[in-house]
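Colleague: Sharing a structure here in structure tokens format.
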There are 2 protein chains.
Amino acid sequence: MLSKSQISLLNSLQQKKFRREHGLFIVEGYKSIIEFADSGYHIHTIYHTADAASKLLNLSRKINFHEISLTELGKISALKTPADALATVKMPDNDVIDSSSLKNKFSLVLDGVQDPGNMGTIIRTADWFGITDIICSEDTVDVYNPKVVQATMGSLARVNISYTDLKKFIIYAGLPVFGTLLNGDNIYTTQFGGEGLVILGNEGNGIRPDIQELITKAITIPRVGKAESLNVAIAAAICCSQLAAKTFK
Amino acid sequence: MLSKSQISLLNSLQQKKFRREHGLFIVEGYKSIIEFADSGYHIHTIYHTADAASKLLNLSRKINFHEISLTELGKISALKTPADALATVKMPDNDVIDSSSLKNKFSLVLDGVQDPGNMGTIIRTADWFGITDIICSEDTVDVYNPKVVQATMGSLARVNISYTDLKKFIIYAGLPVFGTLLNGDNIYTTQFGGEGLVILGNEGNGIRPDIQELITKAITIPRVGKAESLNVAIAAAICCSQLAAKTFK
């Protein structure tokens with residue numbers, strides 16, 4: 001049984017303010033929970049149904065396990081259809097990103113991405129293509145938002161996300177800076193070299209002007225048809241795909 | 001002022017059953033409405049705020065215009081934040097697709113895509129890359145679902161969508177059949193030729209076995225990192241991008 005105060009605490013974690021206050025975020029579904037545990041995240045408590053118990057046997061006994069009914073899971077879940085398990089996970093410290101760790105690889109930079117689904121999909125796609133770091137402006141949607149965590153399908157456990165003052169970060173990093181703009185080089189013929197930052201902008205407004213100024217090579221996904229724009233997660237995927245493509249040719 | 005029965009009718013159009021019954025679907029936002037009008041769709045009625053009136057001046061006077069308050073718009077909108085205008089648009093007949101019209105180009109085939117956001121994003125991406133036809137299995141999410149229409153950002157007005165028995169259609173079309181499977185050819189080195197169907201499957205289950213059997217060239221987006229899978233809209237975008245890429249090299 002869950003007490004009213006437990007339910008209230010768990011529901012509060014759907015809000016950024018309380019996630020920061022408690023240093024916890026929510027992960028739902030046993031598969032994702034195991035991926036977080038395997039990636040070294042500290043799992044605080046797992047609330048699970050009797051059915052899910054057998055799937056969680058290999059996890060550390062240091063974790064608090066709490067068997068509850070599916071009805072109770074429904075009360076603490078952020079999903080329309082609650083999964084079989086919900087964990088509270090300790091948020092990692094948002095350390096200042098060490099830009100020297102970004103040499104000889106490509107990283108994504110998100111300038112104000114707002115939609116949780118887009119953010120989650122970008123993380124999942126980055127993980128598929130082996131991109132390990134995503135650096136976000138302070139006003140990018142919170143990665144520990146339950147909708148973002150859900151949309152990453154466990155990939156958040158493997159991709160480092162940091163929030164910082166993008167302008168200072170980009171200048172300090174001293175890496176090639178690629179950005180998707182309307183009048184850039186054709187992405188299919190762009191020479192990306194061996195390292196760099198790839199900037200993607202806000203859904204409605206794109207990349208902010210003061211961040212655009214820092215782009216050393218503007219790139220464009222050529223339009224064949226008539227859509228006014230591409231979704232930002234789609235644009236990110238096509239960038240990741242083109243970065244990967246060169247290693248397969 | 002909207003009557004209760006008008007509100008009730010408009011709300012019913014959020015359900016497939018009533019859309020079929022009335023032969024109408026809903027488009028929200030003046031930009032999208034204009035795109036549908038420009039593409040030859042028959043707009044039945046536009047409900048708009050006083051502010052939006054000036055943006056709709058160029059539309060045919062055969063349309064019924066109905067000025068309402070933003071509060072009233074909220075009552076008939078499927079959006080969390082209603083736009084400035086909402087139109088009822090006549091659904092085109094779902095004619096049997098003429099497969100001879102698909103020669104010398106690439107079309108997408110969706111086998112059971114369920115998520116409205118994915119469906120809408122696939123249509124928007126197809127429109128960007130100049131793909132004009134998407135053929136869907138009968139159980140693919142209804143394209144006139146307001147969430148799909150919204151996610152297409154107006155692109156639904158320019159892409160032909162048809163629902164059919166996929167197996168019969170694919171056999172009858174006699175075109176090269178590409179499908180994203182786990183053990184296919186590397187998409188970055190695949191020779192696509194000049195025409196074909198590209199099949200994408202359901203979010204959880206992929207392409208059905210009896211449709212997989214019809215694939216003449218299986219393709220794979222190589223995985224560099226560790227994500228278990230890619231979102232279907234992302235996979236579709238990478239396929240479209242690779243088809244476009246060859247024309248830019």
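Chain identifiers are assigned as A, B, and so on, following the order in which chains appear in the structure tokens; residues are numbered from 1 within each chain, and ligands are numbered from 1 in order of appearance.
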Can you list every residue of chain A that has an atom at most 10 Å from chain B, with its nearest atom pair and the distance in Å to one decimal, using only C-alpha atoms, ordered by chain then number, as JSON lines?

Modeller:
{"residue": "A:Gly117", "atom": "CA", "partner": "B:Gly117", "partner_atom": "CA", "distance": 9.3}
{"residue": "A:Thr121", "atom": "CA", "partner": "B:Asn231", "partner_atom": "CA", "distance": 7.2}
{"residue": "A:Ile122", "atom": "CA", "partner": "B:Ile234", "partner_atom": "CA", "distance": 9.4}
{"residue": "A:Ile123", "atom": "CA", "partner": "B:Ala227", "partner_atom": "CA", "distance": 9.4}
{"residue": "A:Arg124", "atom": "CA", "partner": "B:Ala227", "partner_atom": "CA", "distance": 6.3}
{"residue": "A:Thr125", "atom": "CA", "partner": "B:Leu230", "partner_atom": "CA", "distance": 6.4}
{"residue": "A:Ala126", "atom": "CA", "partner": "B:Gly225", "partner_atom": "CA", "distance": 8.0}
{"residue": "A:Asp127", "atom": "CA", "partner": "B:Gly225", "partner_atom": "CA", "distance": 5.3}
{"residue": "A:Trp128", "atom": "CA", "partner": "B:Gly225", "partner_atom": "CA", "distance": 4.7}
{"residue": "A:Phe129", "atom": "CA", "partner": "B:Val224", "partner_atom": "CA", "distance": 4.7}
{"residue": "A:Gly130", "atom": "CA", "partner": "B:Gly225", "partner_atom": "CA", "distance": 3.7}
{"residue": "A:Ile131", "atom": "CA", "partner": "B:Gly225", "partner_atom": "CA", "distance": 7.2}
{"residue": "A:Thr132", "atom": "CA", "partner": "B:Gly225", "partner_atom": "CA", "distance": 8.5}
{"residue": "A:Ala151", "atom": "CA", "partner": "B:Asn231", "partner_atom": "CA", "distance": 9.2}
{"residue": "A:Thr152", "atom": "CA", "partner": "B:Ala227", "partner_atom": "CA", "distance": 9.0}
{"residue": "A:Met153", "atom": "CA", "partner": "B:Ala227", "partner_atom": "CA", "distance": 8.0}
{"residue": "A:Gly154", "atom": "CA", "partner": "B:Ala227", "partner_atom": "CA", "distance": 7.7}
{"residue": "A:Ser155", "atom": "CA", "partner": "B:Ala227", "partner_atom": "CA", "distance": 5.9}
{"residue": "A:Leu156", "atom": "CA", "partner": "B:Ala227", "partner_atom": "CA", "distance": 9.6}
{"residue": "A:Arg158", "atom": "CA", "partner": "B:Lys226", "partner_atom": "CA", "distance": 8.0}
{"residue": "A:Val159", "atom": "CA", "partner": "B:Gly225", "partner_atom": "CA", "distance": 9.9}
{"residue": "A:Asn186", "atom": "CA", "partner": "B:Phe248", "partner_atom": "CA", "distance": 8.0}
{"residue": "A:Ile187", "atom": "CA", "partner": "B:Ala245", "partner_atom": "CA", "distance": 8.8}
{"residue": "A:Tyr188", "atom": "CA", "partner": "B:Ala245", "partner_atom": "CA", "distance": 5.8}
{"residue": "A:Thr189", "atom": "CA", "partner": "B:Lys249", "partner_atom": "CA", "distance": 6.7}
{"residue": "A:Ile221", "atom": "CA", "partner": "B:Ser241", "partner_atom": "CA", "distance": 8.5}
{"residue": "A:Pro222", "atom": "CA", "partner": "B:Phe129", "partner_atom": "CA", "distance": 8.1}
{"residue": "A:Arg223", "atom": "CA", "partner": "B:Trp128", "partner_atom": "CA", "distance": 5.5}
{"residue": "A:Val224", "atom": "CA", "partner": "B:Phe129", "partner_atom": "CA", "distance": 4.8}
{"residue": "A:Gly225", "atom": "CA", "partner": "B:Gly130", "partner_atom": "CA", "distance": 3.7}
{"residue": "A:Lys226", "atom": "CA", "partner": "B:Trp128", "partner_atom": "CA", "distance": 5.6}
{"residue": "A:Ala227", "atom": "CA", "partner": "B:Trp128", "partner_atom": "CA", "distance": 4.7}
{"residue": "A:Glu228", "atom": "CA", "partner": "B:Trp128", "partner_atom": "CA", "distance": 7.5}
{"residue": "A:Ser229", "atom": "CA", "partner": "B:Trp128", "partner_atom": "CA", "distance": 7.2}
{"residue": "A:Leu230", "atom": "CA", "partner": "B:Thr125", "partner_atom": "CA", "distance": 6.3}
{"residue": "A:Asn231", "atom": "CA", "partner": "B:Thr121", "partner_atom": "CA", "distance": 7.2}
{"residue": "A:Ala233", "atom": "CA", "partner": "B:Ile234", "partner_atom": "CA", "distance": 7.8}
{"residue": "A:Ile234", "atom": "CA", "partner": "B:Ile234", "partner_atom": "CA", "distance": 6.0}
{"residue": "A:Ala235", "atom": "CA", "partner": "B:Ala237", "partner_atom": "CA", "distance": 8.7}
{"residue": "A:Ala236", "atom": "CA", "partner": "B:Ile234", "partner_atom": "CA", "distance": 9.4}
{"residue": "A:Ala237", "atom": "CA", "partner": "B:Ile234", "partner_atom": "CA", "distance": 6.5}
{"residue": "A:Ile238", "atom": "CA", "partner": "B:Ile238", "partner_atom": "CA", "distance": 6.0}
{"residue": "A:Cys239", "atom": "CA", "partner": "B:Ile238", "partner_atom": "CA", "distance": 9.6}
{"residue": "A:Cys240", "atom": "CA", "partner": "B:Ile238", "partner_atom": "CA", "distance": 9.6}
{"residue": "A:Ser241", "atom": "CA", "partner": "B:Ile238", "partner_atom": "CA", "distance": 6.9}
{"residue": "A:Gln242", "atom": "CA", "partner": "B:Gln242", "partner_atom": "CA", "distance": 9.0}
{"residue": "A:Ala244", "atom": "CA", "partner": "B:Val224", "partner_atom": "CA", "distance": 7.8}
{"residue": "A:Ala245", "atom": "CA", "partner": "B:Tyr188", "partner_atom": "CA", "distance": 5.8}
{"residue": "A:Lys246", "atom": "CA", "partner": "B:Tyr188", "partner_atom": "CA", "distance": 8.4}
{"residue": "A:Thr247", "atom": "CA", "partner": "B:Tyr188", "partner_atom": "CA", "distance": 9.5}
{"residue": "A:Phe248", "atom": "CA", "partner": "B:Tyr188", "partner_atom": "CA", "distance": 6.6}
{"residue": "A:Lys249", "atom": "CA", "partner": "B:Thr189", "partner_atom": "CA", "distance": 6.8}

Colleague: Which residues are close to stretch 162-177 of chain B, i.e. within 8 Å by only C-alpha atoms, leaving aside same-chain residues fewer than 2 positions away? Reply as a list of chain:residue names.

Modeller: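 Near stretch 162-177 of chain B, the qualifying residues are B:Asn94, B:Asp95, B:Val96, B:Ile97, B:Ser99, B:Ser100, B:Lys103, B:Asp111, B:Ile134, B:Ile135, B:Cys136, B:Ser137, B:Glu138, B:Thr140, B:Asn160, B:Gly179, B:Glu195, B:Gly196, B:Leu197, B:Val198, B:Ile199, B:Asp210, B:Ile211, B:Leu214, B:Ile215, B:Thr216, B:Lys217.
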
Colleague: Restricting the output to N, CA, C and O atoms, write the selected residues as an mmCIF file, in the first residue's frame.

Modeller:
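For reference, part-v1.cif as written:
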data_model
loop_
_atom_site.group_PDB
_atom_site.id
_atom_site.type_symbol
_atom_site.label_atom_id
_atom_site.label_comp_id
_atom_site.auth_asym_id
_atom_site.auth_seq_id
_atom_site.Cartn_x
_atom_site.Cartn_y
_atom_site.Cartn_z
ATOM 1 N N ASN B 94 -11.578 7.881 -50.690
ATOM 2 C CA ASN B 94 -10.410 7.002 -50.632
ATOM 3 C C ASN B 94 -10.428 6.087 -51.851
ATOM 4 O O ASN B 94 -10.751 4.922 -51.781
ATOM 5 N N ASP B 95 -10.080 6.694 -52.997
ATOM 6 C CA ASP B 95 -10.068 5.925 -54.238
ATOM 7 C C ASP B 95 -9.032 4.814 -54.158
ATOM 8 O O ASP B 95 -8.042 4.936 -53.450
ATOM 9 N N VAL B 96 -9.265 3.765 -54.879
ATOM 10 C CA VAL B 96 -8.238 2.733 -54.999
ATOM 11 C C VAL B 96 -7.033 3.394 -55.653
ATOM 12 O O VAL B 96 -7.170 4.123 -56.635
ATOM 13 N N ILE B 97 -5.872 3.169 -55.059
ATOM 14 C CA ILE B 97 -4.681 3.813 -55.591
ATOM 15 C C ILE B 97 -4.318 3.194 -56.941
ATOM 16 O O ILE B 97 -4.350 1.983 -57.114
ATOM 17 N N SER B 99 -1.670 2.138 -59.149
ATOM 18 C CA SER B 99 -0.239 1.899 -58.942
ATOM 19 C C SER B 99 0.602 2.321 -60.148
ATOM 20 O O SER B 99 1.802 2.526 -60.010
ATOM 21 N N SER B 100 -0.021 2.514 -61.298
ATOM 22 C CA SER B 100 0.787 2.972 -62.442
ATOM 23 C C SER B 100 1.274 4.407 -62.220
ATOM 24 O O SER B 100 2.268 4.835 -62.796
ATOM 25 N N LYS B 103 5.027 4.790 -60.730
ATOM 26 C CA LYS B 103 6.241 4.416 -61.469
ATOM 27 C C LYS B 103 7.226 5.594 -61.499
ATOM 28 O O LYS B 103 6.838 6.741 -61.411
ATOM 29 N N ASP B 111 2.874 0.039 -42.612
ATOM 30 C CA ASP B 111 2.204 -1.191 -42.188
ATOM 31 C C ASP B 111 1.853 -1.107 -40.701
ATOM 32 O O ASP B 111 2.604 -1.562 -39.844
ATOM 33 N N ILE B 134 1.678 8.068 -50.018
ATOM 34 C CA ILE B 134 1.871 7.164 -48.887
ATOM 35 C C ILE B 134 0.698 6.191 -48.883
ATOM 36 O O ILE B 134 -0.459 6.614 -48.870
ATOM 37 N N ILE B 135 1.030 4.909 -48.923
ATOM 38 C CA ILE B 135 -0.003 3.876 -48.943
ATOM 39 C C ILE B 135 0.014 3.175 -47.585
ATOM 40 O O ILE B 135 1.070 2.755 -47.107
ATOM 41 N N CYS B 136 -1.165 3.075 -46.962
ATOM 42 C CA CYS B 136 -1.241 2.582 -45.583
ATOM 43 C C CYS B 136 -2.077 1.311 -45.508
ATOM 44 O O CYS B 136 -3.070 1.172 -46.227
ATOM 45 N N SER B 137 -1.695 0.428 -44.593
ATOM 46 C CA SER B 137 -2.542 -0.722 -44.276
ATOM 47 C C SER B 137 -3.835 -0.201 -43.658
ATOM 48 O O SER B 137 -3.869 0.899 -43.086
ATOM 49 N N GLU B 138 -4.880 -0.999 -43.734
ATOM 50 C CA GLU B 138 -6.185 -0.566 -43.220
ATOM 51 C C GLU B 138 -6.132 -0.221 -41.737
ATOM 52 O O GLU B 138 -6.910 0.603 -41.252
ATOM 53 N N THR B 140 -3.615 1.196 -40.115
ATOM 54 C CA THR B 140 -2.779 2.358 -39.791
ATOM 55 C C THR B 140 -3.682 3.463 -39.240
ATOM 56 O O THR B 140 -4.843 3.561 -39.630
ATOM 57 N N ASN B 160 -0.663 12.502 -51.041
ATOM 58 C CA ASN B 160 -1.805 11.590 -51.203
ATOM 59 C C ASN B 160 -1.669 10.422 -50.246
ATOM 60 O O ASN B 160 -0.650 9.739 -50.255
ATOM 61 N N GLY B 179 12.359 -2.572 -47.604
ATOM 62 C CA GLY B 179 11.776 -2.590 -46.264
ATOM 63 C C GLY B 179 12.896 -2.514 -45.242
ATOM 64 O O GLY B 179 13.975 -3.081 -45.450
ATOM 65 N N GLU B 195 12.920 3.744 -58.732
ATOM 66 C CA GLU B 195 11.534 3.664 -58.282
ATOM 67 C C GLU B 195 11.390 2.573 -57.232
ATOM 68 O O GLU B 195 12.243 1.699 -57.101
ATOM 69 N N GLY B 196 10.298 2.660 -56.496
ATOM 70 C CA GLY B 196 10.049 1.601 -55.524
ATOM 71 C C GLY B 196 9.167 2.036 -54.372
ATOM 72 O O GLY B 196 8.796 3.206 -54.230
ATOM 73 N N LEU B 197 8.824 1.044 -53.578
ATOM 74 C CA LEU B 197 8.041 1.250 -52.364
ATOM 75 C C LEU B 197 8.981 1.041 -51.181
ATOM 76 O O LEU B 197 9.798 0.123 -51.198
ATOM 77 N N VAL B 198 8.875 1.895 -50.172
ATOM 78 C CA VAL B 198 9.687 1.742 -48.969
ATOM 79 C C VAL B 198 8.741 1.482 -47.802
ATOM 80 O O VAL B 198 7.949 2.361 -47.432
ATOM 81 N N ILE B 199 8.807 0.274 -47.247
ATOM 82 C CA ILE B 199 7.858 -0.115 -46.190
ATOM 83 C C ILE B 199 8.417 0.170 -44.815
ATOM 84 O O ILE B 199 9.574 -0.147 -44.506
ATOM 85 N N ASP B 210 3.819 -11.450 -43.238
ATOM 86 C CA ASP B 210 3.360 -11.689 -44.618
ATOM 87 C C ASP B 210 3.672 -10.517 -45.545
ATOM 88 O O ASP B 210 3.684 -10.665 -46.765
ATOM 89 N N ILE B 211 3.934 -9.349 -44.962
ATOM 90 C CA ILE B 211 4.365 -8.206 -45.779
ATOM 91 C C ILE B 211 5.896 -8.272 -45.947
ATOM 92 O O ILE B 211 6.424 -7.953 -47.021
ATOM 93 N N LEU B 214 7.269 -9.959 -48.952
ATOM 94 C CA LEU B 214 7.181 -9.301 -50.261
ATOM 95 C C LEU B 214 8.349 -8.348 -50.521
ATOM 96 O O LEU B 214 8.456 -7.760 -51.607
ATOM 97 N N ILE B 215 9.213 -8.185 -49.516
ATOM 98 C CA ILE B 215 10.350 -7.259 -49.662
ATOM 99 C C ILE B 215 11.357 -7.857 -50.644
ATOM 100 O O ILE B 215 11.765 -9.004 -50.502
ATOM 101 N N THR B 216 11.738 -7.056 -51.641
ATOM 102 C CA THR B 216 12.722 -7.557 -52.605
ATOM 103 C C THR B 216 14.125 -7.105 -52.224
ATOM 104 O O THR B 216 15.103 -7.717 -52.613
ATOM 105 N N LYS B 217 14.241 -6.016 -51.474
ATOM 106 C CA LYS B 217 15.548 -5.594 -50.949
ATOM 107 C C LYS B 217 15.391 -5.065 -49.522
ATOM 108 O O LYS B 217 14.867 -3.974 -49.301
#

Colleague: At a cut-off of 8 Å, using only C-alpha atoms, what residues contact B:Gly194? Leave out same-chain residues fewer than 5 positions from it and give the result as JSON, numbers by chain.

Modeller: {"B": [104, 105, 106]}

Colleague: Could those residues be written to a file, using all heavy atoms, as a CSV table (one decimal), in the first residue's frame?

Modeller:
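Okay, this is what ended up in again_37.csv:
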chain,number,residue,atom,x,y,z
B,104,ASN,N,8.5,5.3,-61.6
B,104,ASN,CA,9.6,6.3,-61.7
B,104,ASN,C,9.7,7.2,-60.5
B,104,ASN,O,10.1,8.4,-60.6
B,104,ASN,CB,9.4,7.1,-63.0
B,104,ASN,CG,9.5,6.2,-64.2
B,104,ASN,OD1,10.3,5.3,-64.3
B,104,ASN,ND2,8.6,6.4,-65.1
B,105,LYS,N,9.2,6.8,-59.4
B,105,LYS,CA,9.3,7.6,-58.1
B,105,LYS,C,9.3,6.6,-56.9
B,105,LYS,O,9.0,5.4,-57.1
B,105,LYS,CB,8.3,8.7,-58.0
B,105,LYS,CG,6.9,8.2,-58.0
B,105,LYS,CD,6.0,9.4,-58.0
B,105,LYS,CE,4.5,9.1,-58.0
B,105,LYS,NZ,3.6,10.2,-58.1
B,106,PHE,N,9.6,7.2,-55.8
B,106,PHE,CA,9.5,6.4,-54.6
B,106,PHE,C,8.3,6.8,-53.7
B,106,PHE,O,8.0,8.0,-53.6
B,106,PHE,CB,10.8,6.6,-53.8
B,106,PHE,CG,12.0,5.9,-54.4
B,106,PHE,CD1,12.8,6.7,-55.3
B,106,PHE,CD2,12.3,4.6,-54.2
B,106,PHE,CE1,13.9,6.1,-55.9
B,106,PHE,CE2,13.4,4.0,-54.8
B,106,PHE,CZ,14.1,4.7,-55.7

Colleague: I'd like the neighbourhood of stretch 42-55 of chain A as number ranges by chain, where a residue qualifies if any of its atoms comes within 7 Å (using only C-alpha atoms), though same-chain residues fewer than 3 positions away should be ignored.

Modeller: A: 37, 63-70, 84-90
